[in-house]
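S.K.: Input work_8.pdb, format and content: PDB, C-alpha atoms, pLDDT in the B column.
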```pdb
ATOM      1  CA  MET F   8      80.814 110.952  81.011  1.00 53.00           C
ATOM      2  CA  SER F   9      82.616 111.109  84.346  1.00 55.00           C
ATOM      3  CA  SER F  10      86.297 111.776  84.626  1.00 64.00           C
ATOM      4  CA  ARG F  11      87.514 109.515  87.408  1.00 67.00           C
ATOM      5  CA  ARG F  12      91.068 110.218  88.484  1.00 65.00           C
ATOM      6  CA  THR F  13      92.960 107.966  90.831  1.00 64.00           C
ATOM      7  CA  THR F  14      96.133 108.602  92.752  1.00 61.00           C
ATOM      8  CA  PHE F  15      97.713 105.252  91.912  1.00 62.00           C
ATOM      9  CA  ASN F  16      97.536 103.127  88.811  1.00 74.00           C
ATOM     10  CA  HIS F  17      97.662  99.310  89.056  1.00 77.00           C
ATOM     11  CA  ILE F  18      96.718  99.350  92.727  1.00 81.00           C
ATOM     12  CA  LYS F  19      96.651  95.543  93.102  1.00 83.00           C
ATOM     13  CA  MET F  20     100.177  95.261  91.716  1.00 82.00           C
ATOM     14  CA  ARG F  21     101.329  98.009  94.082  1.00 83.00           C
ATOM     15  CA  HIS F  22      99.756  96.187  97.039  1.00 84.00           C
ATOM     16  CA  PHE F  23     101.497  92.979  95.946  1.00 82.00           C
ATOM     17  CA  ALA F  24     104.856  94.747  95.596  1.00 82.00           C
ATOM     18  CA  ALA F  25     104.490  96.655  98.845  1.00 85.00           C
ATOM     19  CA  CYS F  26     103.348  93.768 100.998  1.00 87.00           C
ATOM     20  CA  LEU F  27     104.897  90.600  99.676  1.00 91.00           C
ATOM     21  CA  ILE F  28     107.819  91.460  97.413  1.00 91.00           C
ATOM     22  CA  SER F  29     109.269  94.048  99.793  1.00 93.00           C
ATOM     23  CA  LEU F  30     109.105  91.596 102.705  1.00 93.00           C
ATOM     24  CA  VAL F  31     110.767  88.804 100.728  1.00 94.00           C
ATOM     25  CA  THR F  32     113.438  91.144  99.365  1.00 94.00           C
ATOM     26  CA  VAL F  33     114.426  92.497 102.759  1.00 95.00           C
ATOM     27  CA  THR F  34     114.407  89.004 104.288  1.00 94.00           C
ATOM     28  CA  VAL F  35     116.820  87.776 101.617  1.00 94.00           C
ATOM     29  CA  MET F  36     118.926  90.932 101.928  1.00 93.00           C
ATOM     30  CA  ILE F  37     119.818  90.190 105.571  1.00 93.00           C
ATOM     31  CA  PRO F  38     122.160  87.226 104.909  1.00 91.00           C
ATOM     32  CA  GLY F  39     123.314  88.809 101.645  1.00 91.00           C
ATOM     33  CA  MET F  40     124.413  91.998 103.383  1.00 91.00           C
ATOM     34  CA  SER F  41     126.527  90.044 105.853  1.00 89.00           C
ATOM     35  CA  THR F  42     128.752  88.876 102.991  1.00 89.00           C
ATOM     36  CA  TYR F  43     129.965  92.310 101.908  1.00 88.00           C
ATOM     37  CA  LEU F  44     129.782  94.587 104.953  1.00 85.00           C
ATOM     38  CA  PRO F  45     133.310  95.545 106.101  1.00 89.00           C
ATOM     39  CA  LEU F  46     132.621  95.033 109.814  1.00 89.00           C
ATOM     40  CA  SER F  47     133.472  92.521 112.503  1.00 90.00           C
ATOM     41  CA  THR F  48     131.526  89.259 112.485  1.00 87.00           C
ATOM     42  CA  PRO F  49     128.962  90.180 115.171  1.00 89.00           C
ATOM     43  CA  ASP F  50     128.344  93.534 113.493  1.00 91.00           C
ATOM     44  CA  LYS F  51     127.931  91.871 110.081  1.00 89.00           C
ATOM     45  CA  ILE F  52     125.067  89.885 111.555  1.00 89.00           C
ATOM     46  CA  GLY F  53     123.604  92.557 113.806  1.00 92.00           C
ATOM     47  CA  LEU F  54     123.499  95.542 111.459  1.00 92.00           C
ATOM     48  CA  PRO F  55     121.307  93.930 108.752  1.00 91.00           C
ATOM     49  CA  ILE F  56     118.914  92.687 111.435  1.00 92.00           C
ATOM     50  CA  PHE F  57     118.818  96.169 112.953  1.00 93.00           C
ATOM     51  CA  LEU F  58     118.138  97.705 109.500  1.00 92.00           C
ATOM     52  CA  PHE F  59     115.380  95.205 108.619  1.00 94.00           C
ATOM     53  CA  LEU F  60     112.435  97.406 109.593  1.00 94.00           C
ATOM     54  CA  PHE F  61     113.949 100.540 108.049  1.00 95.00           C
ATOM     55  CA  LEU F  62     114.654  98.789 104.720  1.00 94.00           C
ATOM     56  CA  TRP F  63     111.192  97.226 104.653  1.00 94.00           C
ATOM     57  CA  ALA F  64     109.581 100.622 105.262  1.00 95.00           C
ATOM     58  CA  VAL F  65     111.660 102.182 102.461  1.00 94.00           C
ATOM     59  CA  PHE F  66     110.631  99.515  99.947  1.00 93.00           C
ATOM     60  CA  PHE F  67     107.016  99.599 101.133  1.00 91.00           C
ATOM     61  CA  ILE F  68     106.749 103.366 100.653  1.00 92.00           C
ATOM     62  CA  TYR F  69     108.703 103.268  97.381  1.00 90.00           C
ATOM     63  CA  SER F  70     106.204 100.736  96.005  1.00 88.00           C
ATOM     64  CA  TYR F  71     103.442 103.300  96.359  1.00 87.00           C
ATOM     65  CA  LEU F  72     105.332 106.483  95.506  1.00 88.00           C
ATOM     66  CA  ALA F  73     107.023 105.387  92.282  1.00 87.00           C
ATOM     67  CA  LYS F  74     105.437 106.864  89.173  1.00 86.00           C
ATOM     68  CA  ASN F  75     105.721 103.624  87.248  1.00 86.00           C
ATOM     69  CA  VAL F  76     104.593 100.416  88.947  1.00 85.00           C
ATOM     70  CA  TRP F  77     107.406  98.400  87.334  1.00 89.00           C
ATOM     71  CA  HIS F  78     110.262 100.450  88.809  1.00 91.00           C
ATOM     72  CA  PRO F  79     109.942  99.124  92.381  1.00 90.00           C
ATOM     73  CA  LEU F  80     109.378  95.610  91.088  1.00 90.00           C
ATOM     74  CA  LEU F  81     112.525  95.803  88.985  1.00 94.00           C
ATOM     75  CA  VAL F  82     114.636  97.302  91.780  1.00 94.00           C
ATOM     76  CA  MET F  83     113.452  94.777  94.349  1.00 92.00           C
ATOM     77  CA  SER F  84     113.878  91.880  91.922  1.00 94.00           C
ATOM     78  CA  LEU F  85     117.463  92.893  91.149  1.00 96.00           C
ATOM     79  CA  LEU F  86     118.258  93.258  94.841  1.00 94.00           C
ATOM     80  CA  LEU F  87     116.601  89.925  95.572  1.00 95.00           C
ATOM     81  CA  VAL F  88     118.573  88.062  92.917  1.00 96.00           C
ATOM     82  CA  SER F  89     121.904  89.729  93.753  1.00 96.00           C
ATOM     83  CA  HIS F  90     121.649  89.111  97.511  1.00 94.00           C
ATOM     84  CA  LEU F  91     120.417  85.580  96.970  1.00 94.00           C
ATOM     85  CA  THR F  92     123.441  84.937  94.749  1.00 94.00           C
ATOM     86  CA  LEU F  93     125.781  86.427  97.368  1.00 92.00           C
ATOM     87  CA  SER F  94     124.237  84.223 100.066  1.00 92.00           C
ATOM     88  CA  ILE F  95     124.578  81.081  97.975  1.00 93.00           C
ATOM     89  CA  LEU F  96     128.175  81.875  97.066  1.00 93.00           C
ATOM     90  CA  ALA F  97     129.025  82.467 100.722  1.00 90.00           C
ATOM     91  CA  LEU F  98     127.739  79.008 101.628  1.00 90.00           C
ATOM     92  CA  GLN F  99     129.940  77.244  99.107  1.00 88.00           C
TER
END
```
Would you mind giving the structure from this file in structure tokens?
M.R.:
Amino acid sequence: MSSRRTTFNHIKMRHFAACLISLVTVTVMIPGMSTYLPLSTPDKIGLPIFLFLFLWAVFFIYSYLAKNVWHPLLVMSLLLVSHLTLSILALQ
């Protein structure tokens, strides 16, 4: 009987979280961040766009490094819902 050890568990779910969910979360975070940043109007728009790649890389790496596969999904889902709500409220 062979003892096969892998570095990651649920690798397909981690790929899904790292590739798709992190991209969607960061894309929704850009307009959401512009609602609460205490900066001038051009900086409220520019800073989230500037941070896009950094935030995506953080979520991408976190999706693979978290011990439990559900932690990054939960964090990104909460951020997605909260920033989506902020964006919708800002439009009303």
S.K.: Evaluate the PyMOL selection byres ((chain F and resi 37) around 9) on the structure here and hand back the selected residues as a short mmCIF file (atom, residue, chain, number, x, y, z; two decimals) with C-alpha atoms, keeping the file's coordinate frame.
M.R.:
```
data_model
loop_
_atom_site.label_atom_id
_atom_site.label_comp_id
_atom_site.auth_asym_id
_atom_site.auth_seq_id
_atom_site.Cartn_x
_atom_site.Cartn_y
_atom_site.Cartn_z
CA THR F 32 113.44 91.14 99.36
CA VAL F 33 114.43 92.50 102.76
CA THR F 34 114.41 89.00 104.29
CA VAL F 35 116.82 87.78 101.62
CA MET F 36 118.93 90.93 101.93
CA PRO F 38 122.16 87.23 104.91
CA GLY F 39 123.31 88.81 101.64
CA MET F 40 124.41 92.00 103.38
CA SER F 41 126.53 90.04 105.85
CA ILE F 52 125.07 89.88 111.56
CA LEU F 54 123.50 95.54 111.46
CA PRO F 55 121.31 93.93 108.75
CA ILE F 56 118.91 92.69 111.44
CA LEU F 58 118.14 97.70 109.50
CA PHE F 59 115.38 95.20 108.62
CA HIS F 90 121.65 89.11 97.51
#
```
S.K.: Kindly indicate which residue among F:Val31, F:Leu62, F:Val76, F:Leu44 lies nearest to Ile18 in chain F, using all atoms listed in the file for the distances.
M.R.: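 Ranked by minimum distance to Ile18 in chain F, first place goes to F:Val76.
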S.K.: Just give me the gap between CA of Ala24 in chain F and CA of Pro79 in chain F in Å, one decimal is fine.
M.R.: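 Rounded to one decimal, the two atoms are 7.4 Å apart.
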S.K.: Interatomic distance between CA of Leu30 in chain F and CA of Phe67 in chain F?
M.R.: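 Result for CA of Leu30 in chain F versus CA of Phe67 in chain F: 8.4 Å, one decimal.
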S.K.: By how many Å are CA of Leu96 in chain F and CA of Ser70 in chain F apart?
M.R.: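 These two atoms are separated by 29.0 Å.
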S.K.: Can you pull out every residue within 12 Å of Leu72 in chain F, counting all atoms listed in the file, but drop anything in the same chain fewer than 5 positions away, and send it as a PyMOL selection string?
M.R.: chain F and resi 14-16+18+21-22+24-25+65-67+77-79
S.K.: With all atoms listed in the file as the basis for distance, which of F:Thr42, F:Gln99, F:Asn75, F:Ser84 is at the shortest distance from His17 in chain F?
M.R.: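 For His17 in chain F, the nearest of the candidates is F:Asn75.
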S.K.: Nearest residue to Met83 in chain F out of F:Tyr69, F:Pro49, F:Phe61, F:Ala97, using all atoms listed in the file?
M.R.: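 When distances to Met83 in chain F are compared using all atoms listed in the file, the smallest one comes from F:Tyr69.
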S.K.: Quick test: take range 62-97 of chain F, keep N, CA and C atoms, and write it as an mmCIF file, in the first residue's frame.
M.R.:
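That gives us selection11.cif:
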```cif
data_model
loop_
_atom_site.group_PDB
_atom_site.id
_atom_site.type_symbol
_atom_site.label_atom_id
_atom_site.label_comp_id
_atom_site.auth_asym_id
_atom_site.auth_seq_id
_atom_site.Cartn_x
_atom_site.Cartn_y
_atom_site.Cartn_z
ATOM 1 N N LEU F 62 -3.460 43.281 -5.323
ATOM 2 C CA LEU F 62 -4.546 42.581 -4.623
ATOM 3 C C LEU F 62 -4.828 41.227 -5.261
ATOM 4 N N TRP F 63 -4.800 41.171 -6.594
ATOM 5 C CA TRP F 63 -5.048 39.898 -7.266
ATOM 6 C C TRP F 63 -3.953 38.890 -6.900
ATOM 7 N N ALA F 64 -2.713 39.334 -6.873
ATOM 8 C CA ALA F 64 -1.613 38.435 -6.521
ATOM 9 C C ALA F 64 -1.752 37.938 -5.086
ATOM 10 N N VAL F 65 -2.182 38.809 -4.173
ATOM 11 C CA VAL F 65 -2.366 38.407 -2.774
ATOM 12 C C VAL F 65 -3.446 37.334 -2.669
ATOM 13 N N PHE F 66 -4.578 37.546 -3.317
ATOM 14 C CA PHE F 66 -5.655 36.549 -3.251
ATOM 15 C C PHE F 66 -5.272 35.262 -3.971
ATOM 16 N N PHE F 67 -4.553 35.376 -5.073
ATOM 17 C CA PHE F 67 -4.111 34.199 -5.815
ATOM 18 C C PHE F 67 -3.207 33.334 -4.946
ATOM 19 N N ILE F 68 -2.220 33.949 -4.323
ATOM 20 C CA ILE F 68 -1.281 33.200 -3.474
ATOM 21 C C ILE F 68 -1.979 32.675 -2.229
ATOM 22 N N TYR F 69 -2.862 33.481 -1.645
ATOM 23 C CA TYR F 69 -3.597 33.040 -0.451
ATOM 24 C C TYR F 69 -4.460 31.818 -0.751
ATOM 25 N N SER F 70 -4.993 31.723 -1.964
ATOM 26 C CA SER F 70 -5.818 30.570 -2.327
ATOM 27 C C SER F 70 -5.025 29.266 -2.258
ATOM 28 N N TYR F 71 -3.754 29.332 -2.535
ATOM 29 C CA TYR F 71 -2.929 28.130 -2.494
ATOM 30 C C TYR F 71 -2.278 27.893 -1.136
ATOM 31 N N LEU F 72 -2.003 28.957 -0.389
ATOM 32 C CA LEU F 72 -1.266 28.790 0.858
ATOM 33 C C LEU F 72 -2.141 28.544 2.083
ATOM 34 N N ALA F 73 -3.420 28.789 1.993
ATOM 35 C CA ALA F 73 -4.300 28.575 3.138
ATOM 36 C C ALA F 73 -4.382 27.084 3.461
ATOM 37 N N LYS F 74 -4.394 26.775 4.739
ATOM 38 C CA LYS F 74 -4.451 25.364 5.145
ATOM 39 C C LYS F 74 -5.789 24.742 4.793
ATOM 40 N N ASN F 75 -6.852 25.492 4.961
ATOM 41 C CA ASN F 75 -8.178 24.990 4.640
ATOM 42 C C ASN F 75 -8.639 25.667 3.354
ATOM 43 N N VAL F 76 -9.173 24.893 2.432
ATOM 44 C CA VAL F 76 -9.572 25.427 1.131
ATOM 45 C C VAL F 76 -10.753 26.392 1.247
ATOM 46 N N TRP F 77 -11.538 26.297 2.307
ATOM 47 C CA TRP F 77 -12.721 27.145 2.438
ATOM 48 C C TRP F 77 -12.401 28.535 2.993
ATOM 49 N N HIS F 78 -11.266 28.711 3.620
ATOM 50 C CA HIS F 78 -10.917 30.031 4.157
ATOM 51 C C HIS F 78 -10.794 31.095 3.069
ATOM 52 N N PRO F 79 -10.021 30.869 2.006
ATOM 53 C CA PRO F 79 -9.955 31.899 0.963
ATOM 54 C C PRO F 79 -11.290 32.119 0.267
ATOM 55 N N LEU F 80 -12.051 31.042 0.096
ATOM 56 C CA LEU F 80 -13.362 31.208 -0.537
ATOM 57 C C LEU F 80 -14.284 32.058 0.330
ATOM 58 N N LEU F 81 -14.249 31.854 1.619
ATOM 59 C CA LEU F 81 -15.078 32.633 2.527
ATOM 60 C C LEU F 81 -14.639 34.094 2.562
ATOM 61 N N VAL F 82 -13.343 34.326 2.665
ATOM 62 C CA VAL F 82 -12.824 35.699 2.709
ATOM 63 C C VAL F 82 -13.158 36.439 1.421
ATOM 64 N N MET F 83 -12.906 35.802 0.288
ATOM 65 C CA MET F 83 -13.178 36.470 -0.987
ATOM 66 C C MET F 83 -14.670 36.660 -1.217
ATOM 67 N N SER F 84 -15.488 35.726 -0.763
ATOM 68 C CA SER F 84 -16.937 35.893 -0.902
ATOM 69 C C SER F 84 -17.449 37.050 -0.060
ATOM 70 N N LEU F 85 -16.952 37.176 1.164
ATOM 71 C CA LEU F 85 -17.365 38.294 2.019
ATOM 72 C C LEU F 85 -16.917 39.634 1.431
ATOM 73 N N LEU F 86 -15.702 39.691 0.937
ATOM 74 C CA LEU F 86 -15.231 40.918 0.299
ATOM 75 C C LEU F 86 -16.026 41.234 -0.964
ATOM 76 N N LEU F 87 -16.357 40.220 -1.725
ATOM 77 C CA LEU F 87 -17.135 40.405 -2.942
ATOM 78 C C LEU F 87 -18.505 40.980 -2.630
ATOM 79 N N VAL F 88 -19.186 40.388 -1.673
ATOM 80 C CA VAL F 88 -20.539 40.839 -1.320
ATOM 81 C C VAL F 88 -20.506 42.243 -0.705
ATOM 82 N N SER F 89 -19.547 42.504 0.180
ATOM 83 C CA SER F 89 -19.501 43.819 0.828
ATOM 84 C C SER F 89 -19.175 44.927 -0.167
ATOM 85 N N HIS F 90 -18.226 44.711 -1.073
ATOM 86 C CA HIS F 90 -17.882 45.747 -2.041
ATOM 87 C C HIS F 90 -18.950 45.896 -3.118
ATOM 88 N N LEU F 91 -19.625 44.826 -3.447
ATOM 89 C CA LEU F 91 -20.739 44.917 -4.372
ATOM 90 C C LEU F 91 -21.873 45.730 -3.766
ATOM 91 N N THR F 92 -22.138 45.521 -2.486
ATOM 92 C CA THR F 92 -23.164 46.291 -1.778
ATOM 93 C C THR F 92 -22.782 47.767 -1.720
ATOM 94 N N LEU F 93 -21.522 48.057 -1.409
ATOM 95 C CA LEU F 93 -21.066 49.451 -1.373
ATOM 96 C C LEU F 93 -21.206 50.112 -2.747
ATOM 97 N N SER F 94 -20.895 49.398 -3.807
ATOM 98 C CA SER F 94 -21.009 49.951 -5.150
ATOM 99 C C SER F 94 -22.463 50.235 -5.509
ATOM 100 N N ILE F 95 -23.348 49.325 -5.153
ATOM 101 C CA ILE F 95 -24.761 49.520 -5.464
ATOM 102 C C ILE F 95 -25.336 50.679 -4.663
ATOM 103 N N LEU F 96 -24.962 50.774 -3.396
ATOM 104 C CA LEU F 96 -25.442 51.887 -2.577
ATOM 105 C C LEU F 96 -24.922 53.234 -3.060
ATOM 106 N N ALA F 97 -23.723 53.250 -3.610
ATOM 107 C CA ALA F 97 -23.159 54.507 -4.115
ATOM 108 C C ALA F 97 -23.875 54.967 -5.384
#
```
